[in-house]
$ cat structure_5.cif   # mmCIF, C-alpha atoms
data_query
#
loop_
_atom_site.label_atom_id
_atom_site.label_comp_id
_atom_site.auth_asym_id
_atom_site.auth_seq_id
_atom_site.Cartn_x
_atom_site.Cartn_y
_atom_site.Cartn_z
CA MET A 1 -55.91 -48.44 28.14
CA GLN A 2 -54.81 -51.64 26.50
CA LYS A 3 -57.23 -50.86 23.68
CA PHE A 4 -55.65 -47.41 23.26
CA PHE A 5 -52.15 -48.87 23.02
CA ASN A 6 -53.36 -51.47 20.55
CA LEU A 7 -54.94 -48.72 18.50
CA PHE A 8 -51.76 -46.62 18.75
CA SER A 9 -49.63 -49.58 17.73
CA LYS A 10 -51.93 -50.34 14.80
CA TYR A 11 -52.14 -46.80 13.49
CA ASN A 12 -48.80 -45.39 14.60
CA SER A 13 -47.90 -44.64 10.97
CA TYR A 14 -50.88 -42.29 10.76
CA LEU A 15 -50.02 -40.70 14.09
CA LEU A 16 -46.42 -40.20 13.00
CA PHE A 17 -47.70 -38.65 9.77
CA VAL A 18 -50.01 -36.33 11.70
CA VAL A 19 -47.18 -35.29 14.04
CA TYR A 20 -44.83 -34.56 11.12
CA CYS A 21 -47.56 -32.64 9.30
CA ALA A 22 -48.23 -30.63 12.44
CA ILE A 23 -44.54 -29.76 12.76
CA SER A 24 -44.48 -28.80 9.09
CA PHE A 25 -47.49 -26.52 9.57
CA LEU A 26 -45.77 -24.95 12.56
CA PHE A 27 -42.73 -24.27 10.35
CA ILE A 28 -45.01 -22.73 7.74
CA LYS A 29 -46.80 -20.61 10.33
CA PHE A 30 -43.62 -19.40 12.02
CA GLN A 31 -41.51 -19.15 8.90
CA ASP A 32 -40.78 -15.49 9.62
CA ASP A 33 -39.50 -16.30 13.07
CA ASN A 34 -35.93 -15.15 13.75
CA LEU A 35 -34.50 -18.60 14.30
CA LEU A 36 -36.10 -20.08 11.18
CA THR A 37 -35.18 -17.05 9.10
CA ARG A 38 -31.55 -17.36 10.23
CA LEU A 39 -31.57 -21.08 9.49
CA ARG A 40 -33.05 -20.43 6.06
CA THR A 41 -30.58 -17.64 5.33
CA ASN A 42 -27.64 -19.83 6.31
CA GLY A 43 -29.02 -22.67 4.19
CA ILE A 44 -29.38 -20.43 1.15
CA GLY A 45 -25.90 -19.03 1.80
CA PHE A 46 -24.45 -22.55 1.90
CA SER A 47 -26.36 -23.52 -1.23
CA ALA A 48 -25.13 -20.40 -3.04
CA PHE A 49 -21.55 -21.08 -1.92
CA ILE A 50 -21.63 -24.65 -3.25
CA THR A 51 -23.30 -23.55 -6.50
CA ASP A 52 -20.71 -20.79 -6.94
CA LYS A 53 -17.89 -23.30 -6.45
CA MET A 54 -19.47 -25.72 -8.90
CA MET A 55 -19.96 -22.95 -11.44
CA SER A 56 -16.35 -21.82 -11.07
CA TYR A 57 -15.10 -25.38 -11.64
CA SER A 58 -17.36 -25.79 -14.63
CA TYR A 59 -16.10 -22.39 -15.90
CA VAL A 60 -12.51 -23.59 -15.64
CA LEU A 61 -13.39 -26.89 -17.34
CA ASN A 62 -15.08 -25.00 -20.16
CA LEU A 63 -12.19 -22.58 -20.69
CA LYS A 64 -10.69 -24.63 -23.52
CA SER A 65 -13.86 -24.65 -25.56
CA GLU A 66 -14.40 -20.97 -24.71
CA ASN A 67 -10.87 -20.19 -25.89
CA ASP A 68 -11.45 -22.15 -29.09
CA ARG A 69 -14.68 -20.28 -29.66
CA LEU A 70 -12.99 -16.90 -29.12
CA MET A 71 -10.13 -17.95 -31.41
CA ARG A 72 -12.65 -18.80 -34.14
CA ILE A 73 -14.34 -15.42 -33.70
CA ASN A 74 -10.95 -13.68 -33.77
CA THR A 75 -9.98 -15.47 -36.96
CA ASP A 76 -13.28 -14.57 -38.55
CA LEU A 77 -12.97 -10.91 -37.51
CA LEU A 78 -9.34 -10.74 -38.62
CA SER A 79 -10.28 -12.13 -42.01
CA ARG A 80 -13.07 -9.55 -42.32
CA VAL A 81 -10.76 -6.69 -41.31
CA LEU A 82 -8.13 -7.83 -43.82
CA ASN A 83 -10.74 -8.05 -46.58
CA ILE A 84 -12.08 -4.59 -45.77
CA GLU A 85 -8.59 -3.07 -45.54
CA THR A 86 -7.56 -4.67 -48.83
CA ALA A 87 -10.73 -3.44 -50.54
CA ALA A 88 -10.20 0.07 -49.13
CA PHE A 89 -6.56 0.09 -50.26
CA ASP A 90 -7.50 -1.11 -53.76
CA GLU A 91 -10.18 1.53 -54.01
CA ARG A 92 -7.78 4.27 -52.87
CA SER A 93 -5.20 3.18 -55.46
CA ARG A 94 -7.86 3.08 -58.17
CA GLN A 95 -9.16 6.53 -57.24
CA LYS A 96 -5.61 7.89 -57.19
CA ILE A 97 -4.98 6.69 -60.74
CA LEU A 98 -8.37 7.88 -61.98
CA ALA A 99 -7.87 11.28 -60.35
CA ASP A 100 -4.57 11.88 -62.13
CA THR A 101 -5.24 14.59 -64.70
CA THR A 102 -2.06 14.00 -66.72
CA LEU A 103 -3.47 10.73 -68.03
CA ASN A 104 -6.76 10.03 -69.69
CA ALA A 105 -7.32 6.82 -67.79
CA SER A 106 -10.51 5.97 -69.67
CA LYS A 107 -8.44 4.74 -72.63
CA PHE A 108 -6.37 2.48 -70.48
CA ILE A 109 -7.07 -0.87 -68.89
CA MET A 110 -6.51 -0.96 -65.18
CA ALA A 111 -4.99 -4.03 -63.51
CA ARG A 112 -3.61 -5.09 -60.19
CA VAL A 113 -0.14 -6.51 -59.67
CA VAL A 114 -0.79 -9.98 -58.29
CA ASN A 115 2.70 -11.41 -58.25
CA ARG A 116 6.26 -10.28 -58.75
CA LYS A 117 9.61 -11.92 -59.14
CA PHE A 118 12.47 -9.64 -58.21
CA SER A 119 16.15 -10.44 -58.29
CA ASP A 120 19.25 -8.45 -59.14
CA ARG A 121 18.96 -9.43 -62.84
CA GLU A 122 15.58 -10.86 -63.78
CA ASN A 123 12.46 -9.04 -62.68
CA MET A 124 8.96 -9.88 -63.74
CA LEU A 125 5.47 -8.75 -62.76
CA LEU A 126 2.17 -10.57 -63.08
CA ILE A 127 -1.04 -8.57 -63.49
CA ASN A 128 -4.62 -9.76 -63.14
CA ALA A 129 -5.76 -8.90 -66.64
CA GLY A 130 -5.44 -11.16 -69.68
CA TRP A 131 -6.62 -11.37 -73.26
CA LYS A 132 -10.20 -11.57 -72.02
CA ASN A 133 -9.71 -8.02 -70.72
CA GLY A 134 -8.21 -6.83 -74.00
CA ILE A 135 -4.56 -7.19 -73.08
CA LYS A 136 -2.17 -7.93 -75.93
CA LYS A 137 1.52 -8.64 -76.15
CA ASP A 138 3.78 -5.55 -76.28
CA MET A 139 1.24 -3.20 -74.72
CA THR A 140 2.82 -0.50 -72.57
CA VAL A 141 2.33 -0.78 -68.83
CA LEU A 142 2.48 2.45 -66.84
CA THR A 143 1.30 4.39 -63.82
CA PRO A 144 0.65 8.12 -63.51
CA GLU A 145 4.24 8.39 -62.19
CA GLY A 146 5.81 6.81 -65.25
CA ILE A 147 6.53 3.77 -67.37
CA VAL A 148 6.49 0.36 -65.72
CA GLY A 149 7.28 -1.98 -68.60
CA ARG A 150 5.71 -3.91 -71.45
CA VAL A 151 3.46 -6.92 -71.67
CA SER A 152 5.52 -9.96 -72.60
CA THR A 153 3.12 -12.91 -72.27
CA VAL A 154 -0.68 -12.99 -72.13
CA SER A 155 -3.00 -15.70 -70.85
CA GLU A 156 -6.79 -15.69 -70.47
CA HIS A 157 -6.90 -13.82 -67.16
CA PHE A 158 -3.32 -12.80 -66.48
CA ALA A 159 -0.42 -11.17 -68.22
CA LYS A 160 3.31 -11.15 -67.60
CA VAL A 161 4.96 -7.75 -67.63
CA MET A 162 8.62 -7.22 -68.37
CA PRO A 163 9.42 -4.19 -66.22
CA VAL A 164 11.92 -1.45 -66.91
CA ILE A 165 14.14 -3.12 -64.32
CA ASN A 166 14.68 -6.19 -66.49
CA SER A 167 18.01 -6.49 -68.30
CA ASP A 168 16.21 -7.38 -71.58
CA PHE A 169 14.02 -4.28 -71.50
CA LYS A 170 14.95 -1.32 -73.66
CA VAL A 171 13.01 1.80 -74.63
CA SER A 172 13.83 4.92 -76.63
CA VAL A 173 13.77 8.04 -74.49
CA VAL A 174 14.16 11.76 -74.91
CA SER A 175 14.99 14.41 -72.34
CA ASP A 176 12.39 17.10 -71.80
CA LYS A 177 14.68 20.17 -71.91
CA SER A 178 17.68 19.42 -74.10
CA ASN A 179 15.88 16.86 -76.27
CA SER A 180 18.79 14.47 -75.89
CA MET A 181 17.85 11.06 -77.21
CA GLY A 182 19.04 7.76 -75.89
CA LEU A 183 18.18 4.18 -75.13
CA LEU A 184 17.10 3.33 -71.62
CA SER A 185 18.13 -0.02 -70.18
CA TRP A 186 18.79 -1.53 -66.81
CA SER A 187 21.97 -3.34 -66.04
CA GLY A 188 21.02 -4.89 -62.73
CA GLY A 189 21.74 -3.82 -59.17
CA ARG A 190 19.59 -1.10 -57.61
CA GLU A 191 16.00 -1.23 -58.83
CA SER A 192 15.57 2.55 -58.73
CA ILE A 193 18.45 3.37 -61.07
CA ALA A 194 18.59 2.70 -64.82
CA GLN A 195 21.03 3.74 -67.51
CA VAL A 196 20.58 5.76 -70.71
CA GLU A 197 23.06 5.00 -73.48
CA HIS A 198 23.98 6.53 -76.79
CA ILE A 199 23.79 10.17 -75.71
CA PRO A 200 26.53 11.98 -77.62
CA ILE A 201 29.11 13.90 -75.66
CA SER A 202 28.05 17.01 -77.59
CA SER A 203 24.64 16.87 -75.96
CA SER A 204 23.68 19.62 -73.47
CA LEU A 205 22.07 17.20 -71.05
CA LYS A 206 21.94 18.44 -67.45
CA LEU A 207 21.30 16.85 -64.09
CA ASN A 208 17.64 16.60 -63.00
CA GLU A 209 16.37 16.67 -66.55
CA GLN A 210 13.48 14.34 -67.06
CA PHE A 211 13.47 11.58 -69.63
CA LEU A 212 10.24 10.67 -71.41
CA THR A 213 9.47 7.91 -73.88
CA SER A 214 10.05 9.05 -77.43
CA ASP A 215 8.29 8.56 -80.74
CA PHE A 216 11.06 6.21 -81.79
CA SER A 217 9.75 3.53 -79.53
CA THR A 218 8.02 0.69 -81.35
CA PHE A 219 5.67 -0.11 -78.47
CA ALA A 220 5.51 2.79 -75.97
CA ILE A 221 3.36 5.82 -76.57
CA ARG A 222 5.16 9.15 -76.56
CA GLY A 223 5.65 11.27 -73.44
CA ILE A 224 5.48 8.74 -70.62
CA PRO A 225 7.81 9.87 -67.80
CA VAL A 226 10.76 7.55 -67.29
CA GLY A 227 12.95 9.22 -64.67
CA LYS A 228 15.31 12.03 -63.79
CA VAL A 229 18.99 12.29 -64.52
CA VAL A 230 21.03 11.81 -61.38
CA LYS A 231 24.53 11.18 -62.76
CA ILE A 232 26.27 12.00 -66.02
CA THR A 233 29.63 10.34 -66.73
CA PRO A 234 31.41 11.38 -69.96
CA ASP A 235 33.08 8.66 -72.04
CA LYS A 236 34.99 8.94 -75.33
CA LEU A 237 32.03 9.51 -77.64
CA PHE A 238 28.96 9.17 -75.42
CA TYR A 239 27.77 10.02 -71.97
CA THR A 240 26.88 7.28 -69.57
CA VAL A 241 23.79 8.62 -67.83
CA GLU A 242 22.17 7.27 -64.72
CA VAL A 243 18.47 7.91 -64.27
CA ARG A 244 16.39 7.62 -61.10
CA LEU A 245 13.26 5.84 -62.30
CA ALA A 246 9.96 7.62 -61.83
CA VAL A 247 8.17 4.47 -60.70
CA ASP A 248 8.81 2.99 -57.29
CA PHE A 249 8.69 -0.74 -58.04
CA SER A 250 8.79 -1.68 -54.39
CA SER A 251 5.30 -0.26 -53.78
CA LEU A 252 3.66 -0.99 -57.10
CA THR A 253 0.11 -2.28 -56.67
CA HIS A 254 -1.99 -0.98 -59.57
CA VAL A 255 -1.01 -0.32 -63.16
CA LEU A 256 -2.54 0.96 -66.38
CA ILE A 257 -2.11 -0.75 -69.71
CA ALA A 258 -2.01 1.58 -72.70
CA PRO A 259 -3.64 0.59 -76.00
CA LEU A 260 -1.28 -1.06 -78.46
CA LYS A 261 0.55 1.26 -80.74
CA ILE A 262 -0.08 -0.11 -84.24
CA GLU A 263 2.86 0.84 -86.41
CA ALA A 264 3.42 -2.31 -88.40
CA GLU A 265 4.32 -0.30 -91.46
CA LYS A 266 6.94 1.67 -89.54
CA ILE A 267 8.45 -1.53 -88.14
CA GLU A 268 8.54 -3.01 -91.59
CA MET A 269 10.21 0.08 -92.99
CA MET A 270 12.81 -0.01 -90.20
CA GLY A 271 13.25 -3.79 -90.60
CA GLU A 272 13.66 -4.23 -86.91
CA ASN A 273 12.82 -6.81 -84.30
CA THR A 274 9.86 -5.59 -82.25
CA SER A 275 11.26 -6.88 -79.02
CA LEU A 276 14.28 -4.57 -79.06
CA GLU A 277 14.47 -0.81 -79.25
CA THR A 278 17.27 0.75 -81.23
CA LEU A 279 18.07 4.22 -82.26
CA PRO A 280 18.03 5.04 -85.95
CA MET B 1 -30.22 -52.39 11.55
CA THR B 2 -28.65 -49.22 12.98
CA LYS B 3 -25.87 -49.50 10.43
CA LYS B 4 -28.43 -49.78 7.64
CA TYR B 5 -30.34 -46.71 8.87
CA SER B 6 -27.09 -44.75 9.26
CA LEU B 7 -26.28 -45.60 5.65
CA TYR B 8 -29.75 -44.49 4.53
CA ILE B 9 -29.44 -41.21 6.46
CA GLY B 10 -26.02 -40.60 4.87
CA ILE B 11 -27.44 -41.30 1.43
CA LEU B 12 -30.41 -39.04 2.19
CA PHE B 13 -28.08 -36.12 2.91
CA ILE B 14 -26.11 -36.70 -0.25
CA VAL B 15 -29.24 -37.15 -2.37
CA SER B 16 -30.80 -33.98 -0.93
CA LEU B 17 -27.64 -32.00 -1.65
CA VAL B 18 -27.41 -33.41 -5.17
CA GLN B 19 -31.06 -32.53 -5.79
CA ALA B 20 -30.79 -29.00 -4.39
CA LEU B 21 -27.45 -28.13 -5.95
CA GLY B 22 -27.15 -30.25 -9.05
CA LEU B 23 -30.30 -31.77 -10.46
CA SER B 24 -32.43 -28.69 -9.89
CA HIS B 25 -30.25 -26.95 -12.51
CA LEU B 26 -30.75 -29.82 -14.96
CA THR B 27 -34.05 -28.63 -16.38
CA LEU B 28 -35.95 -29.71 -19.45
CA PHE B 29 -39.14 -27.78 -20.33
CA ASN B 30 -38.62 -25.90 -17.02
CA VAL B 31 -38.87 -29.04 -14.88
CA SER B 32 -36.19 -31.27 -13.43
CA PRO B 33 -36.26 -34.89 -12.24
CA ASP B 34 -36.52 -35.40 -8.46
CA ILE B 35 -34.00 -37.85 -7.07
CA VAL B 36 -35.18 -37.25 -3.47
CA THR B 37 -38.62 -38.57 -4.40
CA ILE B 38 -36.99 -41.72 -5.79
CA PHE B 39 -35.06 -42.25 -2.57
CA ILE B 40 -38.08 -41.65 -0.30
CA ALA B 41 -40.21 -43.99 -2.41
CA PHE B 42 -37.47 -46.62 -2.29
CA ILE B 43 -37.26 -46.40 1.54
CA ALA B 44 -41.05 -46.47 1.88
CA VAL B 45 -41.43 -49.46 -0.45
CA THR B 46 -38.54 -51.53 0.89
CA VAL B 47 -38.43 -50.57 4.60
CA GLY B 48 -41.90 -49.41 5.53
CA GLN B 49 -44.40 -46.58 5.75
CA LYS B 50 -43.12 -45.16 9.04
CA SER B 51 -39.56 -45.04 7.77
CA GLY B 52 -40.76 -43.54 4.49
CA THR B 53 -42.69 -40.84 6.33
CA SER B 54 -39.78 -40.07 8.67
CA PHE B 55 -37.23 -39.97 5.85
CA GLY B 56 -39.62 -37.77 3.89
CA PHE B 57 -39.83 -35.38 6.82
CA VAL B 58 -36.02 -35.15 7.19
CA ALA B 59 -35.53 -34.86 3.43
CA GLY B 60 -38.06 -32.00 3.41
CA LEU B 61 -36.13 -30.31 6.21
CA ILE B 62 -32.82 -30.52 4.34
CA THR B 63 -34.16 -29.51 0.93
CA GLY B 64 -36.22 -26.79 2.65
CA ILE B 65 -33.13 -25.33 4.33
CA LEU B 66 -31.24 -25.36 1.05
CA SER B 67 -34.11 -23.95 -1.01
CA GLY B 68 -35.42 -21.49 1.59
CA ASN B 69 -38.92 -22.96 1.92
CA MET B 70 -38.75 -25.32 4.87
CA GLY B 71 -42.30 -25.84 6.11
CA LEU B 72 -43.85 -26.55 2.75
CA ASN B 73 -41.03 -28.87 1.66
CA MET B 74 -41.30 -30.80 4.92
CA LEU B 75 -45.05 -31.17 4.47
CA ALA B 76 -44.78 -32.24 0.84
CA ARG B 77 -42.00 -34.75 1.47
CA THR B 78 -43.77 -36.17 4.52
CA ILE B 79 -46.91 -36.72 2.42
CA GLU B 80 -44.71 -38.23 -0.25
CA GLY B 81 -43.16 -40.76 2.13
CA PHE B 82 -46.51 -41.56 3.72
CA ILE B 83 -48.27 -42.22 0.41
CA ALA B 84 -45.35 -44.22 -0.97
CA GLY B 85 -45.60 -46.34 2.17
CA PHE B 86 -48.91 -47.80 0.94
CA PHE B 87 -46.90 -49.59 -1.76
CA ASN B 88 -44.63 -51.19 0.82
CA THR B 89 -43.71 -54.80 0.18
CA PRO B 90 -43.82 -56.78 3.42
CA GLU B 91 -40.67 -58.69 4.37
CA ASN B 92 -42.43 -62.07 4.18
CA SER B 93 -43.92 -61.47 0.75
CA HIS B 94 -42.68 -63.55 -2.16
CA ALA B 95 -42.79 -60.67 -4.62
CA THR B 96 -40.25 -60.88 -7.42
CA SER B 97 -37.72 -58.17 -8.11
CA ARG B 98 -39.81 -57.06 -11.10
CA GLN B 99 -42.95 -56.77 -9.00
CA LYS B 100 -41.09 -54.77 -6.40
CA SER B 101 -39.74 -52.48 -9.12
CA ASN B 102 -43.25 -51.95 -10.43
CA ARG B 103 -44.51 -51.13 -6.92
CA LEU B 104 -41.64 -48.67 -6.60
CA TYR B 105 -42.61 -46.96 -9.87
CA TRP B 106 -46.26 -46.73 -8.83
CA ALA B 107 -45.24 -45.38 -5.43
CA LEU B 108 -43.03 -42.88 -7.13
CA VAL B 109 -45.68 -41.59 -9.50
CA THR B 110 -48.46 -41.42 -6.93
CA SER B 111 -46.46 -39.86 -4.10
CA GLY B 112 -44.67 -37.51 -6.50
CA PHE B 113 -48.01 -36.29 -7.88
CA CYS B 114 -49.36 -35.63 -4.35
CA ALA B 115 -46.19 -33.82 -3.23
CA ASN B 116 -46.18 -31.76 -6.40
CA THR B 117 -49.82 -30.81 -5.83
CA VAL B 118 -49.04 -29.65 -2.27
CA LEU B 119 -46.05 -27.63 -3.48
CA SER B 120 -48.02 -26.14 -6.38
CA VAL B 121 -50.85 -25.01 -4.13
CA GLY B 122 -48.61 -23.75 -1.34
CA TYR B 123 -45.89 -22.02 -3.32
CA ASN B 124 -46.54 -20.36 -6.65
CA PRO B 125 -44.08 -17.47 -7.07
CA LEU B 126 -44.70 -17.12 -10.82
CA ALA B 127 -48.49 -17.07 -10.35
CA LEU B 128 -48.96 -19.87 -12.87
CA SER B 129 -52.28 -21.57 -13.21
CA PRO B 130 -52.51 -24.35 -10.56
CA VAL B 131 -54.01 -26.67 -13.18
CA TYR B 132 -51.05 -26.06 -15.47
CA ARG B 133 -48.58 -26.54 -12.64
CA ILE B 134 -50.19 -29.72 -11.32
CA PHE B 135 -51.12 -31.46 -14.53
CA VAL B 136 -48.61 -30.23 -17.11
CA LEU B 137 -45.48 -29.48 -15.11
CA GLY B 138 -46.38 -32.19 -12.56
CA PHE B 139 -46.83 -34.76 -15.32
CA LEU B 140 -43.51 -33.83 -16.95
CA GLU B 141 -41.69 -33.93 -13.62
CA SER B 142 -43.21 -37.34 -12.81
CA LEU B 143 -42.19 -38.60 -16.25
CA PHE B 144 -38.59 -37.41 -15.91
CA THR B 145 -38.40 -38.79 -12.37
CA LEU B 146 -39.80 -42.11 -13.55
CA ILE B 147 -37.23 -42.33 -16.34
CA LEU B 148 -34.45 -41.53 -13.87
CA ALA B 149 -35.88 -44.10 -11.44
CA VAL B 150 -35.90 -46.80 -14.11
CA ILE B 151 -32.26 -46.05 -14.92
CA ILE B 152 -31.23 -46.02 -11.23
CA THR B 153 -33.19 -49.19 -10.49
CA ARG B 154 -31.57 -51.05 -13.37
CA LEU B 155 -28.10 -49.83 -12.50
CA PHE B 156 -28.00 -49.78 -8.69
CA LEU B 157 -31.19 -51.02 -6.97
CA ARG B 158 -31.76 -54.38 -8.69
CA GLN B 159 -29.92 -56.29 -5.96
CA SER B 160 -31.59 -54.33 -3.12
CA LEU B 161 -35.05 -55.04 -4.54
CA ALA B 162 -34.27 -58.73 -5.05
CA ASP B 163 -33.33 -59.19 -1.36
#

$ encode --input "structure_5.cif" --output "structure tokens"
Amino acid sequence: MQKFFNLFSKYNSYLLFVVYCAISFLFIKFQDDNLLTRLRTNGIGFSAFITDKMMSYSYVLNLKSENDRLMRINTDLLSRVLNIETAAFDERSRQKILADTTLNASKFIMARVVNRKFSDRENMLLINAGWKNGIKKDMTVLTPEGIVGRVSTVSEHFAKVMPVINSDFKVSVVSDKSNSMGLLSWSGGRESIAQVEHIPISSSLKLNEQFLTSDFSTFAIRGIPVGKVVKITPDKLFYTVEVRLAVDFSSLTHVLIAPLKIEAEKIEMMGENTSLETLP
Amino acid sequence: MTKKYSLYIGILFIVSLVQALGLSHLTLFNVSPDIVTIFIAFIAVTVGQKSGTSFGFVAGLITGILSGNMGLNMLARTIEGFIAGFFNTPENSHATSRQKSNRLYWALVTSGFCANTVLSVGYNPLALSPVYRIFVLGFLESLFTLILAVIITRLFLRQSLAD
């Protein structure tokens, strides 16, 4: 007996190991038992609960970076949408000008208005075409709706346009029905209304008549629509005529630049300054 | 003595929970380091083989409940504690802290390999080759566990091993 206890004491680690292994085998054998299954189910439930909580905390902690990531994606998408919309708008405007049958657009240079300076006196447009694109000073700028202005300064890639609604701009015009001739200018104020001067009181000009550029102009080609008569005020010798301009300057995006009218001999004969239009 | 064992049991619960809920998600090449193995090896090396075996059994029970595979985990952890116990440093030995650390690392690698073999043979849900599981995944797991053990030993267990 003593020997047995000595043996047990000496090898109790092995015995303990055997006992634990036996219990483990019993657990393996009866793993489908109700009690063990319930214990296992509860254990997995507890584990899942803790994991879920940890995941939710980590989700909250990661919200900032997630928000930043979404913001970056949003910015990227917004930039793409803007680019696509701008391209679509440009293409629509281009197609609209090309589709206009009243103008032979192939002779003209097309440009986009890239900047504008509007005030009640001094207005100026900047277009994205310069001398590299064939733009020259004094070329006529127009749209299918009507005259926009004339090129005043040209750089390599850009050109400055003096629009009709600039107090220094003047152009010879003629009405389409009564052939009344005058000089169109803009005296400030509303950008849709310009004035035509030097129309004699004897003229048979009527309301709603359309003014077009005339042959007298030193820079503009003949027949470009300018606007319609909206008000005629008689003075002593001349009418003061108000014209609603054909071009809406507030929504101007694309323009055409007409080839330069070369009439140096005519200008010389008239002995006039090219920057101003006067009636003979 | 009772206070020391109570502390070890408390740590065992925490370590088992951390392993089941935290470290098991920290995988690299589909294996994760095993902090429970480190703890069992530490108990077996510093306290004794019986304690190592008993702690292995309890650790297997806890991790088994949490993972849903009780019997096999208990068996593997018991074997782990028992084998690590062969590297136990007797109280009256004059082993240095470094020697004890080395014994701990050997205990860790050997017992971990045996436990992994038992688990690989007994539970193979993905039907992977046993050779691949034991030698490739087992080697990687032992390596990660060893690295973690070195870090833990240097940071927390240096004093305990020197005593």

$ interface_residues --input "structure_5.cif" --of "chain A" --to "chain B" --cutoff "12 Å" --atoms "all atoms listed in the file" --output "PyMOL selection string"
chain A and resi 9-32+36-55

$ closest_atom_pairs --input "structure_5.cif" --of "region 18-52 of chain B" --to "region 93-108 of chain B" --cutoff "8 Å" --atoms "all atoms listed in the file" --output "JSON lines"
{"residue": "B:Thr37", "atom": "CA", "partner": "B:Leu108", "partner_atom": "CA", "distance": 6.7}
{"residue": "B:Ile38", "atom": "CA", "partner": "B:Leu108", "partner_atom": "CA", "distance": 6.3}
{"residue": "B:Ala41", "atom": "CA", "partner": "B:Leu108", "partner_atom": "CA", "distance": 5.6}
{"residue": "B:Phe42", "atom": "CA", "partner": "B:Leu104", "partner_atom": "CA", "distance": 6.3}
{"residue": "B:Val45", "atom": "CA", "partner": "B:Leu104", "partner_atom": "CA", "distance": 6.2}

$ resolve_selection --input "structure_5.cif" --expression "the PyMOL selection byres ((chain A and resi 152) around 9)" --output "compact mmCIF listing (two decimals) with C-alpha atoms, keeping the file's coordinate frame"
# COMPACT_ATOMS: atom_id res chain seq x y z
CA LYS A 136 -2.17 -7.93 -75.93
CA LYS A 137 1.52 -8.64 -76.15
CA ASP A 138 3.78 -5.55 -76.28
CA MET A 139 1.24 -3.20 -74.72
CA ARG A 150 5.71 -3.91 -71.45
CA VAL A 151 3.46 -6.92 -71.67
CA THR A 153 3.12 -12.91 -72.27
CA VAL A 154 -0.68 -12.99 -72.13
CA ALA A 159 -0.42 -11.17 -68.22
CA LYS A 160 3.31 -11.15 -67.60
CA VAL A 161 4.96 -7.75 -67.63
CA MET A 162 8.62 -7.22 -68.37

$ axis_aligned_box --input "structure_5.cif" --around "region 192-210 of chain A" --padding-each-side "4 Å" --output "AutoDock Vina command-line options"
--center_x 21.3 --center_y 11.1 --center_z -68.2 --size_x 23.6 --size_y 25.1 --size_z 26.9

$ atom_distance --input "structure_5.cif" --atom1 "CA of Val174 (chain A)" --atom2 "CA of Ile201 (chain A)"
15.1 Å

$ resolve_selection --input "structure_5.cif" --expression "the PyMOL selection byres ((chain A and resi 171) around 7)" --output "JSON, numbers by chain"
{"A": [169, 170, 172, 173, 183, 184, 217, 277]}

$ resolve_selection --input "structure_5.cif" --expression "the PyMOL selection byres ((chain A and resi 233) around 12)" --output "list in words"
Gln195, Val196, Glu197, Ile199, Pro200, Ile201, Leu205, Lys206, Leu207, Val229, Val230, Lys231, Ile232, Pro234, Asp235, Lys236, Leu237, Phe238, Tyr239, Thr240, Val241, Glu242 and Val243 of chain A

$ write_last_selection --input "structure_5.cif" --atoms "C-alpha atoms" --output "tab-separated table (two decimals), in the frame of the given file"
chain	number	residue	atom	x	y	z
A	195	GLN	CA	21.03	3.74	-67.51
A	196	VAL	CA	20.58	5.76	-70.71
A	197	GLU	CA	23.06	5.00	-73.48
A	199	ILE	CA	23.79	10.17	-75.71
A	200	PRO	CA	26.53	11.98	-77.62
A	201	ILE	CA	29.11	13.90	-75.66
A	205	LEU	CA	22.07	17.20	-71.05
A	206	LYS	CA	21.94	18.44	-67.45
A	207	LEU	CA	21.30	16.85	-64.09
A	229	VAL	CA	18.99	12.29	-64.52
A	230	VAL	CA	21.03	11.81	-61.38
A	231	LYS	CA	24.53	11.18	-62.76
A	232	ILE	CA	26.27	12.00	-66.02
A	234	PRO	CA	31.41	11.38	-69.96
A	235	ASP	CA	33.08	8.66	-72.04
A	236	LYS	CA	34.99	8.94	-75.33
A	237	LEU	CA	32.03	9.51	-77.64
A	238	PHE	CA	28.96	9.17	-75.42
A	239	TYR	CA	27.77	10.02	-71.97
A	240	THR	CA	26.88	7.28	-69.57
A	241	VAL	CA	23.79	8.62	-67.83
A	242	GLU	CA	22.17	7.27	-64.72
A	243	VAL	CA	18.47	7.91	-64.27

$ atom_distance --input "structure_5.cif" --atom1 "CA of Trp186 (chain A)" --atom2 "CA of Val164 (chain A)"
6.9 Å

$ atom_distance --input "structure_5.cif" --atom1 "CA of Asp248 (chain A)" --atom2 "CA of Leu260 (chain A)"
23.8 Å

$ closest_residue --input "structure_5.cif" --among "A:Leu126, A:Leu98, A:Leu252, A:Ile165" --to "Ser192 (chain A)" --atoms "only C-alpha atoms"
A:Ile165

$ residues_around --input "structure_5.cif" --residues "Val136 (chain B)" --least-positions-apart "5" --cutoff "12 Å" --atoms "only C-alpha atoms" --output "MDAnalysis selection string"
chainID B and resid 29:31 113 116:117 120 128:131 141:143
